[in-house]
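Enquirer: Mind having a look at this structure? Questions to follow.
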Amino acid sequence: MKEKILVTGGLGFIGSHTVISLFEAGFEPIIVDNLSNSNIYVLDGIEAVIGYRPEIHVFDVLDHVKLNELFKIHTISAIVHFAAFKAVGESVQFPIKYYKNNVSGLVTLLEVMEKNEIQNIVFSSSCTVYGEPDIIPVSENNKLKPAESPYGATKQMGEIILKDNAHWCQSQCLRYFNPIGAHSSAKIGELPLGVPNNLIPFLTQSVSGLRDELTVYGNDYDTPDGTCIRDYIHVVDLAEAHVHSVKRLLKHQQLTAFEVFNIGTGTGSSVLEVINTFEKVNGVSVPHKIGERRSGDVVKVWANTEKVNTVLGWVAKKNLEDMLKDAWNWQKSLNSISK
Ligand code: WQD
């Protein structure tokens with residue numbers, strides 16, 4: 001019998017890639033997704049990659065009745081909890097929507113987990129909990145700053161809630177840096193709804209002619225080329241980190257009931273470096289201009305990966321060129337579908 005892993009938000013960008021990695025690692029992933037920020041056709045993409053169609057339940061994690069029913073029919077070994085809203089700008093506009101979905105959703109999930117004696121959870125956290133770090137590269141024991149957005153606040157609250165439940169719940173908080181790219185098959189990838197907030201989907205849509213041009217949000221920052229620096233990580237590497245985390249929970253290898261890991265490559269890249277690398281590896285030009293700074297942007301952040309490399313035993317394998325090649329292949333596959 002394969003161990004069953006519940007993946008909430010399993011049709012999302014990171015969730016769908018993690019479903020594939022969990023299956024390939026010998027687990028049986030079961031998906032819960034309310035389709036508020038994803039598409040049922042992602043399931044076809046997952047099936048095309050692994051030749052297996054995971055079981056899916058379409059409901060909201062706020063629905064404790066449906067959650068309870070699911071835990072009655074399946075013995076779940078661990079939960080990977082992705083289901084949350086994640087647009088920083090949108091969270092400023094609609095804070096209640098973010099607190100309800102991201103915080104109440106986690107609380108509801110934990111309530112039903114405790115009732116059903118499910119004690120293992122991997123939580124999707126974020127480097128946004130660090131704000132503008134005083135020390136770079138940033139490590140897990142860096143002081144957290146007041147969140148710069150309701151989105152970041154919901155991630156900080158999520159970690160506090162899990163820490164406060166460590167007496168019955170073993171949790172792994174994975175602080176993602178900037179997930180980009182797509183599965184090499186180009187069968188699944190990032191599906192931003194509407195105008196993309198994030199750099200890479202806006203960039204690939206600009207190259208495809210779906211957007212006029214990419215605006216670089218400021219080139220007068222205190223960085224070598226004046227543009228902001230981020231730790232971009234391939235979404236498949238990120239998915240693999242979740243498999244390591246699930247295995248750590250199931251083998252009871254945790255040193256403490258609440259553990260935090262930075263999931264990054266440890267390498268920072270500026271916006272202009274990303275643009276130049278994209279043009280080099282894909283043989284295309286990126287139409288772009290320099291514009292005003294975007295409020296709330298952190299100037300530079302990249303991960304100290306010593307803990308995740310040595311304790312979790314995970315190392316990012318793909319570099320920026322791999323990420324940008326796969327991102328472009330995915331966009332081209334989307335373009336061909338939409339023709
Ligand atoms: C990256 C850089 C922008 C768009 C994201 C997620 C957040 C968290 C961390 C998971 C910045 C610049 C962007 C554009 C630009 N992930 N940019 N033009 O803000 O680092 O945060 O990753 O939790 O949820 O939102 O990512 O891709 O928006 O920006 O110049 O059109 O690209 O200024 O320097 P960010 P991003």
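Residue numbers start at 1 in each chain; chains themselves are named A, B, ... in the order of the structure tokens; ligands are numbered from 1 in the order shown.
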With a distance cut-off of 6 Å and only C-alpha atoms, select the neighbouring residues of region 72-86 of chain A, excluding the residue or stretch itself and same-chain residues fewer than 6 positions from it, and output the selection as a list in words.
Expert: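 Counting only the stated atoms, we get Lys4, Ile5, Leu6, Val7, Thr8, Gly9, Asn102, Asn120, Ile121, Val122, Phe123 and Ser124 of chain A.
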Enquirer: Selected residues, N, CA and C atoms, written as a PDB file, in the first residue's frame, please.
Expert:
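Output file again25.pdb follows:
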ATOM      1  N   LYS A   4      -0.535   7.609   1.578  1.00  0.00           N
ATOM      2  CA  LYS A   4      -1.359   8.654   0.954  1.00  0.00           C
ATOM      3  C   LYS A   4      -0.971  10.028   1.506  1.00  0.00           C
ATOM      4  N   ILE A   5      -0.689  10.938   0.572  1.00  0.00           N
ATOM      5  CA  ILE A   5      -0.317  12.304   0.953  1.00  0.00           C
ATOM      6  C   ILE A   5      -1.370  13.257   0.399  1.00  0.00           C
ATOM      7  N   LEU A   6      -2.028  14.011   1.265  1.00  0.00           N
ATOM      8  CA  LEU A   6      -3.032  14.967   0.802  1.00  0.00           C
ATOM      9  C   LEU A   6      -2.327  16.253   0.372  1.00  0.00           C
ATOM     10  N   VAL A   7      -2.618  16.719  -0.841  1.00  0.00           N
ATOM     11  CA  VAL A   7      -1.995  17.946  -1.356  1.00  0.00           C
ATOM     12  C   VAL A   7      -3.097  18.986  -1.558  1.00  0.00           C
ATOM     13  N   THR A   8      -3.207  19.941  -0.628  1.00  0.00           N
ATOM     14  CA  THR A   8      -4.222  20.983  -0.812  1.00  0.00           C
ATOM     15  C   THR A   8      -3.662  22.015  -1.792  1.00  0.00           C
ATOM     16  N   GLY A   9      -4.499  22.517  -2.701  1.00  0.00           N
ATOM     17  CA  GLY A   9      -3.995  23.393  -3.756  1.00  0.00           C
ATOM     18  C   GLY A   9      -3.140  22.610  -4.745  1.00  0.00           C
ATOM     19  N   ASN A 102      -6.175  32.282   3.838  1.00  0.00           N
ATOM     20  CA  ASN A 102      -4.857  31.754   4.210  1.00  0.00           C
ATOM     21  C   ASN A 102      -4.764  31.362   5.694  1.00  0.00           C
ATOM     22  N   ASN A 120       1.003  15.199  10.633  1.00  0.00           N
ATOM     23  CA  ASN A 120       2.140  15.657   9.811  1.00  0.00           C
ATOM     24  C   ASN A 120       1.711  16.647   8.753  1.00  0.00           C
ATOM     25  N   ILE A 121       2.349  17.812   8.752  1.00  0.00           N
ATOM     26  CA  ILE A 121       1.992  18.801   7.738  1.00  0.00           C
ATOM     27  C   ILE A 121       3.233  19.525   7.227  1.00  0.00           C
ATOM     28  N   VAL A 122       3.273  19.730   5.914  1.00  0.00           N
ATOM     29  CA  VAL A 122       4.301  20.574   5.292  1.00  0.00           C
ATOM     30  C   VAL A 122       3.593  21.861   4.897  1.00  0.00           C
ATOM     31  N   PHE A 123       4.108  22.986   5.401  1.00  0.00           N
ATOM     32  CA  PHE A 123       3.418  24.272   5.193  1.00  0.00           C
ATOM     33  C   PHE A 123       4.183  25.129   4.202  1.00  0.00           C
ATOM     34  N   SER A 124       3.423  25.693   3.264  1.00  0.00           N
ATOM     35  CA  SER A 124       3.989  26.556   2.227  1.00  0.00           C
ATOM     36  C   SER A 124       4.190  27.957   2.797  1.00  0.00           C
TER      37      SER A 124
END
Enquirer: Could you make a table, as CSV, of the residues of chain A that have an atom within 7 Å of an atom of ligand 1, each with its nearest atom pair and distance in Å to one decimal, counting only C-alpha atoms and all ligand atoms, in chain and number order?
Expert:
residue,atom,partner,partner_atom_place_in_ligand_line,distance
A:Lys86,CA,ligand 1,24 (O),5.1
A:Ala87,CA,ligand 1,25 (O),5.5
A:Val88,CA,ligand 1,25 (O),5.5
A:Ser125,CA,ligand 1,23 (O),6.3
A:Ser126,CA,ligand 1,23 (O),4.2
A:Cys127,CA,ligand 1,9 (C),6.2
A:Thr128,CA,ligand 1,8 (C),5.9
A:Tyr176,CA,ligand 1,10 (C),5.5
A:Phe177,CA,ligand 1,9 (C),5.3
A:Asn178,CA,ligand 1,22 (O),4.3
A:Pro179,CA,ligand 1,16 (N),6.6
A:Asn197,CA,ligand 1,28 (O),5.3
A:Asn198,CA,ligand 1,27 (O),3.3
A:Leu199,CA,ligand 1,4 (C),3.6
A:Ile200,CA,ligand 1,27 (O),6.3
A:Phe202,CA,ligand 1,31 (O),5.7
A:Leu214,CA,ligand 1,31 (O),5.7
A:Thr215,CA,ligand 1,18 (N),5.1
A:Val216,CA,ligand 1,30 (O),3.5
A:Tyr217,CA,ligand 1,30 (O),4.0
A:Gly218,CA,ligand 1,30 (O),6.9
A:Thr227,CA,ligand 1,34 (O),6.8
A:Cys228,CA,ligand 1,34 (O),4.3
A:Ile229,CA,ligand 1,34 (O),6.2
A:Arg230,CA,ligand 1,20 (O),6.3
A:Val271,CA,ligand 1,32 (O),5.7
A:Arg293,CA,ligand 1,33 (O),6.9
A:Arg294,CA,ligand 1,33 (O),5.9
A:Asp297,CA,ligand 1,33 (O),5.8
A:Val299,CA,ligand 1,34 (O),6.9
Enquirer: Can you write out the residues you just picked, keeping N, CA and C atoms, as a PDB file, in the first residue's frame?
Expert:
ATOM      1  N   LYS A  86      -1.735  34.155  -3.072  1.00  0.00           N
ATOM      2  CA  LYS A  86      -0.315  34.494  -2.936  1.00  0.00           C
ATOM      3  C   LYS A  86       0.114  35.755  -3.681  1.00  0.00           C
ATOM      4  N   ALA A  87      -0.852  36.586  -4.083  1.00  0.00           N
ATOM      5  CA  ALA A  87      -0.448  37.815  -4.785  1.00  0.00           C
ATOM      6  C   ALA A  87      -0.279  38.946  -3.780  1.00  0.00           C
ATOM      7  N   VAL A  88       0.968  39.406  -3.654  1.00  0.00           N
ATOM      8  CA  VAL A  88       1.285  40.422  -2.637  1.00  0.00           C
ATOM      9  C   VAL A  88       0.421  41.669  -2.835  1.00  0.00           C
ATOM     10  N   SER A 125       5.442  28.230   3.232  1.00  0.00           N
ATOM     11  CA  SER A 125       5.734  29.568   3.727  1.00  0.00           C
ATOM     12  C   SER A 125       6.554  30.320   2.671  1.00  0.00           C
ATOM     13  N   SER A 126       7.156  31.422   3.088  1.00  0.00           N
ATOM     14  CA  SER A 126       7.728  32.296   2.070  1.00  0.00           C
ATOM     15  C   SER A 126       8.852  33.147   2.629  1.00  0.00           C
ATOM     16  N   CYS A 127       9.793  33.483   1.762  1.00  0.00           N
ATOM     17  CA  CYS A 127      10.885  34.376   2.169  1.00  0.00           C
ATOM     18  C   CYS A 127      10.352  35.783   2.465  1.00  0.00           C
ATOM     19  N   THR A 128       9.087  36.034   2.110  1.00  0.00           N
ATOM     20  CA  THR A 128       8.517  37.353   2.437  1.00  0.00           C
ATOM     21  C   THR A 128       8.448  37.561   3.945  1.00  0.00           C
ATOM     22  N   TYR A 176       9.752  29.512   0.755  1.00  0.00           N
ATOM     23  CA  TYR A 176      10.141  29.535  -0.660  1.00  0.00           C
ATOM     24  C   TYR A 176      10.780  30.881  -0.999  1.00  0.00           C
ATOM     25  N   PHE A 177      11.768  30.854  -1.862  1.00  0.00           N
ATOM     26  CA  PHE A 177      12.240  32.096  -2.454  1.00  0.00           C
ATOM     27  C   PHE A 177      11.439  32.303  -3.733  1.00  0.00           C
ATOM     28  N   ASN A 178      12.040  32.534  -4.870  1.00  0.00           N
ATOM     29  CA  ASN A 178      11.172  32.854  -6.020  1.00  0.00           C
ATOM     30  C   ASN A 178      11.018  31.681  -6.981  1.00  0.00           C
ATOM     31  N   PRO A 179       9.912  30.955  -6.890  1.00  0.00           N
ATOM     32  CA  PRO A 179       9.727  29.781  -7.750  1.00  0.00           C
ATOM     33  C   PRO A 179       9.434  30.190  -9.186  1.00  0.00           C
ATOM     34  N   ASN A 197       1.442  39.227 -11.998  1.00  0.00           N
ATOM     35  CA  ASN A 197       2.157  40.110 -11.059  1.00  0.00           C
ATOM     36  C   ASN A 197       3.648  39.819 -11.116  1.00  0.00           C
ATOM     37  N   ASN A 198       3.962  38.526 -11.319  1.00  0.00           N
ATOM     38  CA  ASN A 198       5.353  38.096 -11.169  1.00  0.00           C
ATOM     39  C   ASN A 198       6.171  38.307 -12.450  1.00  0.00           C
ATOM     40  N   LEU A 199       7.480  38.412 -12.247  1.00  0.00           N
ATOM     41  CA  LEU A 199       8.398  38.757 -13.328  1.00  0.00           C
ATOM     42  C   LEU A 199       8.356  37.781 -14.496  1.00  0.00           C
ATOM     43  N   ILE A 200       8.509  36.473 -14.235  1.00  0.00           N
ATOM     44  CA  ILE A 200       8.732  35.539 -15.339  1.00  0.00           C
ATOM     45  C   ILE A 200       7.500  35.387 -16.240  1.00  0.00           C
ATOM     46  N   PHE A 202       5.195  37.527 -16.793  1.00  0.00           N
ATOM     47  CA  PHE A 202       5.029  38.776 -17.559  1.00  0.00           C
ATOM     48  C   PHE A 202       6.095  38.842 -18.663  1.00  0.00           C
ATOM     49  N   LEU A 214       7.886  44.386 -21.118  1.00  0.00           N
ATOM     50  CA  LEU A 214       8.104  44.213 -19.678  1.00  0.00           C
ATOM     51  C   LEU A 214       8.610  45.539 -19.106  1.00  0.00           C
ATOM     52  N   THR A 215       8.052  45.954 -17.995  1.00  0.00           N
ATOM     53  CA  THR A 215       8.592  47.120 -17.294  1.00  0.00           C
ATOM     54  C   THR A 215       9.466  46.630 -16.158  1.00  0.00           C
ATOM     55  N   VAL A 216      10.721  47.086 -16.177  1.00  0.00           N
ATOM     56  CA  VAL A 216      11.635  46.762 -15.068  1.00  0.00           C
ATOM     57  C   VAL A 216      11.358  47.777 -13.960  1.00  0.00           C
ATOM     58  N   TYR A 217      10.907  47.296 -12.820  1.00  0.00           N
ATOM     59  CA  TYR A 217      10.467  48.209 -11.759  1.00  0.00           C
ATOM     60  C   TYR A 217      11.664  48.832 -11.025  1.00  0.00           C
ATOM     61  N   GLY A 218      12.321  49.746 -11.710  1.00  0.00           N
ATOM     62  CA  GLY A 218      13.381  50.516 -11.048  1.00  0.00           C
ATOM     63  C   GLY A 218      14.773  49.985 -11.324  1.00  0.00           C
ATOM     64  N   THR A 227      19.132  47.044 -10.358  1.00  0.00           N
ATOM     65  CA  THR A 227      17.810  46.370 -10.298  1.00  0.00           C
ATOM     66  C   THR A 227      17.803  45.371  -9.134  1.00  0.00           C
ATOM     67  N   CYS A 228      16.587  45.035  -8.698  1.00  0.00           N
ATOM     68  CA  CYS A 228      16.440  44.184  -7.506  1.00  0.00           C
ATOM     69  C   CYS A 228      16.978  42.775  -7.729  1.00  0.00           C
ATOM     70  N   ILE A 229      17.418  42.188  -6.631  1.00  0.00           N
ATOM     71  CA  ILE A 229      18.016  40.840  -6.687  1.00  0.00           C
ATOM     72  C   ILE A 229      17.123  39.849  -5.931  1.00  0.00           C
ATOM     73  N   ARG A 230      16.904  38.674  -6.544  1.00  0.00           N
ATOM     74  CA  ARG A 230      16.104  37.608  -5.945  1.00  0.00           C
ATOM     75  C   ARG A 230      16.806  36.276  -6.108  1.00  0.00           C
ATOM     76  N   VAL A 271      17.156  41.572 -11.899  1.00  0.00           N
ATOM     77  CA  VAL A 271      16.143  41.548 -12.967  1.00  0.00           C
ATOM     78  C   VAL A 271      16.842  41.612 -14.328  1.00  0.00           C
ATOM     79  N   ARG A 293       9.952  52.361  -9.595  1.00  0.00           N
ATOM     80  CA  ARG A 293       9.998  51.309  -8.576  1.00  0.00           C
ATOM     81  C   ARG A 293       8.592  50.835  -8.242  1.00  0.00           C
ATOM     82  N   ARG A 294       8.446  49.570  -7.815  1.00  0.00           N
ATOM     83  CA  ARG A 294       7.154  49.050  -7.347  1.00  0.00           C
ATOM     84  C   ARG A 294       7.175  49.116  -5.825  1.00  0.00           C
ATOM     85  N   ASP A 297       8.616  46.494  -2.817  1.00  0.00           N
ATOM     86  CA  ASP A 297       9.654  45.571  -3.297  1.00  0.00           C
ATOM     87  C   ASP A 297      10.838  45.535  -2.333  1.00  0.00           C
ATOM     88  N   VAL A 299      14.758  44.999  -1.842  1.00  0.00           N
ATOM     89  CA  VAL A 299      15.839  45.310  -2.788  1.00  0.00           C
ATOM     90  C   VAL A 299      16.632  44.054  -3.129  1.00  0.00           C
TER      91      VAL A 299
END
Enquirer: A:Gln156, A:Thr277, A:Asn304, A:Asn68: which is nearest Val112 (chain A), counting only C-alpha atoms?
Expert: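 The answer is A:Asn68, which sits nearest to Val112 (chain A).
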Enquirer: Ile263 (chain A): which residues within 8 Å, counting only C-alpha atoms, same-chain residues fewer than 3 positions away excluded, as a list in words?
Expert: Leu174, Arg175, Tyr176, Phe177, Leu238, Ala241, Ala303, Thr305 and Val308 of chain A
Enquirer: Given the selection you just returned, output its residues as a file containing all heavy atoms, formatted as a PDB file, in the first residue's frame.
Expert:
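The resulting file, out.pdb, is shown below:
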ATOM      1  N   LEU A 174       8.311  25.467   4.935  1.00  0.00           N
ATOM      2  CA  LEU A 174       9.279  25.684   3.848  1.00  0.00           C
ATOM      3  C   LEU A 174       9.138  27.118   3.355  1.00  0.00           C
ATOM      4  O   LEU A 174       8.085  27.501   2.829  1.00  0.00           O
ATOM      5  CB  LEU A 174       9.033  24.687   2.711  1.00  0.00           C
ATOM      6  CG  LEU A 174       9.063  23.200   3.126  1.00  0.00           C
ATOM      7  CD1 LEU A 174       9.006  22.322   1.872  1.00  0.00           C
ATOM      8  CD2 LEU A 174      10.285  22.865   3.964  1.00  0.00           C
ATOM      9  N   ARG A 175      10.170  27.913   3.549  1.00  0.00           N
ATOM     10  CA  ARG A 175      10.152  29.327   3.128  1.00  0.00           C
ATOM     11  C   ARG A 175      10.714  29.398   1.713  1.00  0.00           C
ATOM     12  O   ARG A 175      11.915  29.340   1.486  1.00  0.00           O
ATOM     13  CB  ARG A 175      10.990  30.183   4.093  1.00  0.00           C
ATOM     14  CG  ARG A 175      10.353  30.297   5.475  1.00  0.00           C
ATOM     15  CD  ARG A 175      11.224  31.022   6.462  1.00  0.00           C
ATOM     16  NE  ARG A 175      10.568  31.134   7.784  1.00  0.00           N
ATOM     17  CZ  ARG A 175      11.196  31.497   8.899  1.00  0.00           C
ATOM     18  NH1 ARG A 175      12.497  31.780   8.876  1.00  0.00           N
ATOM     19  NH2 ARG A 175      10.535  31.580  10.038  1.00  0.00           N
ATOM     20  N   TYR A 176       9.752  29.512   0.755  1.00  0.00           N
ATOM     21  CA  TYR A 176      10.141  29.535  -0.660  1.00  0.00           C
ATOM     22  C   TYR A 176      10.780  30.881  -0.999  1.00  0.00           C
ATOM     23  O   TYR A 176      10.299  31.922  -0.542  1.00  0.00           O
ATOM     24  CB  TYR A 176       8.926  29.409  -1.569  1.00  0.00           C
ATOM     25  CG  TYR A 176       7.997  28.274  -1.309  1.00  0.00           C
ATOM     26  CD1 TYR A 176       6.678  28.353  -1.743  1.00  0.00           C
ATOM     27  CD2 TYR A 176       8.394  27.123  -0.646  1.00  0.00           C
ATOM     28  CE1 TYR A 176       5.785  27.307  -1.524  1.00  0.00           C
ATOM     29  CE2 TYR A 176       7.520  26.079  -0.420  1.00  0.00           C
ATOM     30  CZ  TYR A 176       6.209  26.176  -0.860  1.00  0.00           C
ATOM     31  OH  TYR A 176       5.328  25.156  -0.643  1.00  0.00           O
ATOM     32  N   PHE A 177      11.768  30.854  -1.862  1.00  0.00           N
ATOM     33  CA  PHE A 177      12.240  32.096  -2.454  1.00  0.00           C
ATOM     34  C   PHE A 177      11.439  32.303  -3.733  1.00  0.00           C
ATOM     35  O   PHE A 177      10.200  32.220  -3.641  1.00  0.00           O
ATOM     36  CB  PHE A 177      13.775  32.040  -2.539  1.00  0.00           C
ATOM     37  CG  PHE A 177      14.345  32.295  -1.162  1.00  0.00           C
ATOM     38  CD1 PHE A 177      14.207  31.344  -0.153  1.00  0.00           C
ATOM     39  CD2 PHE A 177      14.938  33.499  -0.847  1.00  0.00           C
ATOM     40  CE1 PHE A 177      14.652  31.590   1.150  1.00  0.00           C
ATOM     41  CE2 PHE A 177      15.405  33.754   0.458  1.00  0.00           C
ATOM     42  CZ  PHE A 177      15.244  32.802   1.443  1.00  0.00           C
ATOM     43  N   LEU A 238      11.938  22.856  -6.197  1.00  0.00           N
ATOM     44  CA  LEU A 238      11.098  23.194  -5.045  1.00  0.00           C
ATOM     45  C   LEU A 238      10.176  22.018  -4.711  1.00  0.00           C
ATOM     46  O   LEU A 238      10.009  21.636  -3.550  1.00  0.00           O
ATOM     47  CB  LEU A 238      10.286  24.451  -5.352  1.00  0.00           C
ATOM     48  CG  LEU A 238       9.331  24.968  -4.282  1.00  0.00           C
ATOM     49  CD1 LEU A 238      10.041  25.218  -2.964  1.00  0.00           C
ATOM     50  CD2 LEU A 238       8.637  26.237  -4.754  1.00  0.00           C
ATOM     51  N   ALA A 241      11.953  19.372  -2.831  1.00  0.00           N
ATOM     52  CA  ALA A 241      12.176  19.733  -1.413  1.00  0.00           C
ATOM     53  C   ALA A 241      10.996  19.268  -0.562  1.00  0.00           C
ATOM     54  O   ALA A 241      11.166  18.817   0.577  1.00  0.00           O
ATOM     55  CB  ALA A 241      12.376  21.240  -1.283  1.00  0.00           C
ATOM     56  N   ALA A 303      18.983  33.198  -0.324  1.00  0.00           N
ATOM     57  CA  ALA A 303      18.968  32.276   0.827  1.00  0.00           C
ATOM     58  C   ALA A 303      20.364  31.814   1.240  1.00  0.00           C
ATOM     59  O   ALA A 303      21.241  31.602   0.399  1.00  0.00           O
ATOM     60  CB  ALA A 303      18.126  31.059   0.465  1.00  0.00           C
ATOM     61  N   THR A 305      21.631  28.523   2.353  1.00  0.00           N
ATOM     62  CA  THR A 305      21.027  27.184   2.180  1.00  0.00           C
ATOM     63  C   THR A 305      21.739  26.112   2.998  1.00  0.00           C
ATOM     64  O   THR A 305      21.489  24.917   2.826  1.00  0.00           O
ATOM     65  CB  THR A 305      21.082  26.769   0.696  1.00  0.00           C
ATOM     66  OG1 THR A 305      22.454  26.792   0.273  1.00  0.00           O
ATOM     67  CG2 THR A 305      20.254  27.700  -0.174  1.00  0.00           C
ATOM     68  N   VAL A 308      19.176  23.756   4.955  1.00  0.00           N
ATOM     69  CA  VAL A 308      18.365  22.858   4.112  1.00  0.00           C
ATOM     70  C   VAL A 308      19.255  21.820   3.410  1.00  0.00           C
ATOM     71  O   VAL A 308      18.877  20.665   3.234  1.00  0.00           O
ATOM     72  CB  VAL A 308      17.518  23.653   3.085  1.00  0.00           C
ATOM     73  CG1 VAL A 308      18.369  24.240   1.962  1.00  0.00           C
ATOM     74  CG2 VAL A 308      16.412  22.783   2.509  1.00  0.00           C
TER      75      VAL A 308
END
Enquirer: Name the closest residue to Leu43 (chain A) among the candidates A:Ile160, A:Leu11, A:Ala327, A:Leu106; distances are taken between atoms, counting only C-alpha atoms.
Expert: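 Of all the options, A:Leu11 lies closest to Leu43 (chain A).
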Enquirer: From the list A:Asn101, A:Gln170, A:Asn142, A:Ser185, which residue is nearest Ile20 (chain A) when using only C-alpha atoms?
Expert: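 Among A:Asn101, A:Gln170, A:Asn142, A:Ser185, it is A:Ser185 that comes nearest to Ile20 (chain A).
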Enquirer: Name the residues in contact with region 312-322 of chain A at a cut-off of 9 Å, using only C-alpha atoms, excluding same-chain residues fewer than 5 positions from it; report them as a ChimeraX atom specification.
Expert: /A:181,232-234,236-238,240-241,244-245,248,261,263-266,269,274,277-278,280-281,305,307,327
Enquirer: With only C-alpha atoms as the counted atoms, please give the residues lying no more than 12 Å from Ala257 (chain A), apart from itself and same-chain residues fewer than 5 positions off, as a ChimeraX atom specification.
Expert: /A:119-122,162-173,248-249,252
Enquirer: Pull N, CA and C atoms from the residues just selected and write them as a CSV table (one decimal), in the first residue's frame.
Expert:
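Saved to result.csv:
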chain,number,residue,atom,x,y,z
A,119,GLN,N,-1.0,14.0,12.0
A,119,GLN,CA,-0.1,14.8,12.8
A,119,GLN,C,1.0,15.4,12.0
A,120,ASN,N,1.0,15.2,10.6
A,120,ASN,CA,2.1,15.7,9.8
A,120,ASN,C,1.7,16.6,8.8
A,121,ILE,N,2.3,17.8,8.8
A,121,ILE,CA,2.0,18.8,7.7
A,121,ILE,C,3.2,19.5,7.2
A,122,VAL,N,3.3,19.7,5.9
A,122,VAL,CA,4.3,20.6,5.3
A,122,VAL,C,3.6,21.9,4.9
A,162,LEU,N,1.4,27.1,13.7
A,162,LEU,CA,2.0,25.7,13.7
A,162,LEU,C,2.9,25.5,14.8
A,163,LYS,N,3.7,26.5,15.1
A,163,LYS,CA,4.6,26.4,16.3
A,163,LYS,C,3.8,26.2,17.6
A,164,ASP,N,2.7,26.9,17.7
A,164,ASP,CA,1.8,26.8,18.9
A,164,ASP,C,1.1,25.5,19.0
A,165,ASN,N,1.1,24.7,17.9
A,165,ASN,CA,0.5,23.4,17.9
A,165,ASN,C,1.5,22.3,17.8
A,166,ALA,N,2.7,22.6,18.2
A,166,ALA,CA,3.8,21.6,18.0
A,166,ALA,C,3.7,20.5,19.0
A,167,HIS,N,2.8,20.6,20.1
A,167,HIS,CA,2.7,19.6,21.1
A,167,HIS,C,1.9,18.4,20.5
A,168,TRP,N,1.2,18.6,19.4
A,168,TRP,CA,0.5,17.4,18.8
A,168,TRP,C,0.7,17.3,17.3
A,169,CYS,N,1.3,18.4,16.7
A,169,CYS,CA,1.4,18.4,15.2
A,169,CYS,C,2.9,18.6,14.8
A,170,GLN,N,3.4,17.7,14.0
A,170,GLN,CA,4.8,17.8,13.5
A,170,GLN,C,4.7,18.6,12.2
A,171,SER,N,5.4,19.7,12.1
A,171,SER,CA,5.3,20.6,10.9
A,171,SER,C,6.7,21.0,10.3
A,172,GLN,N,6.6,21.1,9.0
A,172,GLN,CA,7.8,21.6,8.3
A,172,GLN,C,7.4,22.8,7.5
A,173,CYS,N,8.0,24.0,7.9
A,173,CYS,CA,7.7,25.2,7.2
A,173,CYS,C,8.7,25.5,6.2
A,248,ARG,N,11.0,13.1,5.7
A,248,ARG,CA,11.5,13.5,7.1
A,248,ARG,C,10.5,13.3,8.2
A,249,LEU,N,9.2,13.8,7.8
A,249,LEU,CA,8.1,13.7,8.8
A,249,LEU,C,7.8,12.2,9.0
A,252,HIS,N,10.1,10.3,11.1
A,252,HIS,CA,10.3,10.9,12.4
A,252,HIS,C,11.7,11.3,12.6
Enquirer: Please tabulate, as CSV, the residues of region 19-131 of chain A that come within 7 Å of region 143-151 of chain A, each with its closest pair of atoms and the distance in Å to one decimal, counting only C-alpha atoms and ordering rows by chain, then residue number upward.
Expert:
residue,atom,partner,partner_atom,distance
A:Lys86,CA,A:Tyr151,CA,6.4
A:Val88,CA,A:Tyr151,CA,5.5
A:Ser91,CA,A:Tyr151,CA,5.4
A:Val92,CA,A:Pro150,CA,6.0
A:Pro95,CA,A:Pro150,CA,5.8
A:Tyr98,CA,A:Tyr151,CA,6.6
A:Val129,CA,A:Leu144,CA,6.1
A:Tyr130,CA,A:Leu144,CA,4.8
A:Gly131,CA,A:Lys145,CA,5.4
Enquirer: Restricting the output to N, CA, C and O atoms, write the selected residues as a compact mmCIF listing (two decimals), in the first residue's frame.
Expert:
# COMPACT_ATOMS: atom_id res chain seq x y z
N LYS A 86 -1.73 34.15 -3.07
CA LYS A 86 -0.32 34.49 -2.94
C LYS A 86 0.11 35.76 -3.68
O LYS A 86 1.30 36.00 -3.87
N VAL A 88 0.97 39.41 -3.65
CA VAL A 88 1.29 40.42 -2.64
C VAL A 88 0.42 41.67 -2.84
O VAL A 88 -0.23 42.16 -1.91
N SER A 91 -3.21 41.27 -2.01
CA SER A 91 -3.49 41.15 -0.56
C SER A 91 -3.63 42.52 0.09
O SER A 91 -4.32 42.68 1.09
N VAL A 92 -2.96 43.50 -0.48
CA VAL A 92 -3.09 44.88 0.07
C VAL A 92 -4.48 45.41 -0.24
O VAL A 92 -5.10 46.09 0.58
N PRO A 95 -7.42 42.55 2.04
CA PRO A 95 -6.79 41.86 3.19
C PRO A 95 -7.68 40.80 3.81
O PRO A 95 -7.21 39.71 4.15
N TYR A 98 -7.60 37.54 2.14
CA TYR A 98 -6.35 36.81 2.40
C TYR A 98 -6.33 36.20 3.80
O TYR A 98 -5.94 35.05 3.99
N VAL A 129 8.53 36.47 4.72
CA VAL A 129 8.50 36.65 6.19
C VAL A 129 9.72 37.42 6.69
O VAL A 129 9.72 37.98 7.77
N TYR A 130 10.78 37.46 5.88
CA TYR A 130 12.01 38.18 6.28
C TYR A 130 11.93 39.68 6.00
O TYR A 130 12.76 40.44 6.52
N GLY A 131 10.98 40.10 5.17
CA GLY A 131 10.96 41.52 4.76
C GLY A 131 12.28 41.84 4.07
O GLY A 131 12.86 41.01 3.37
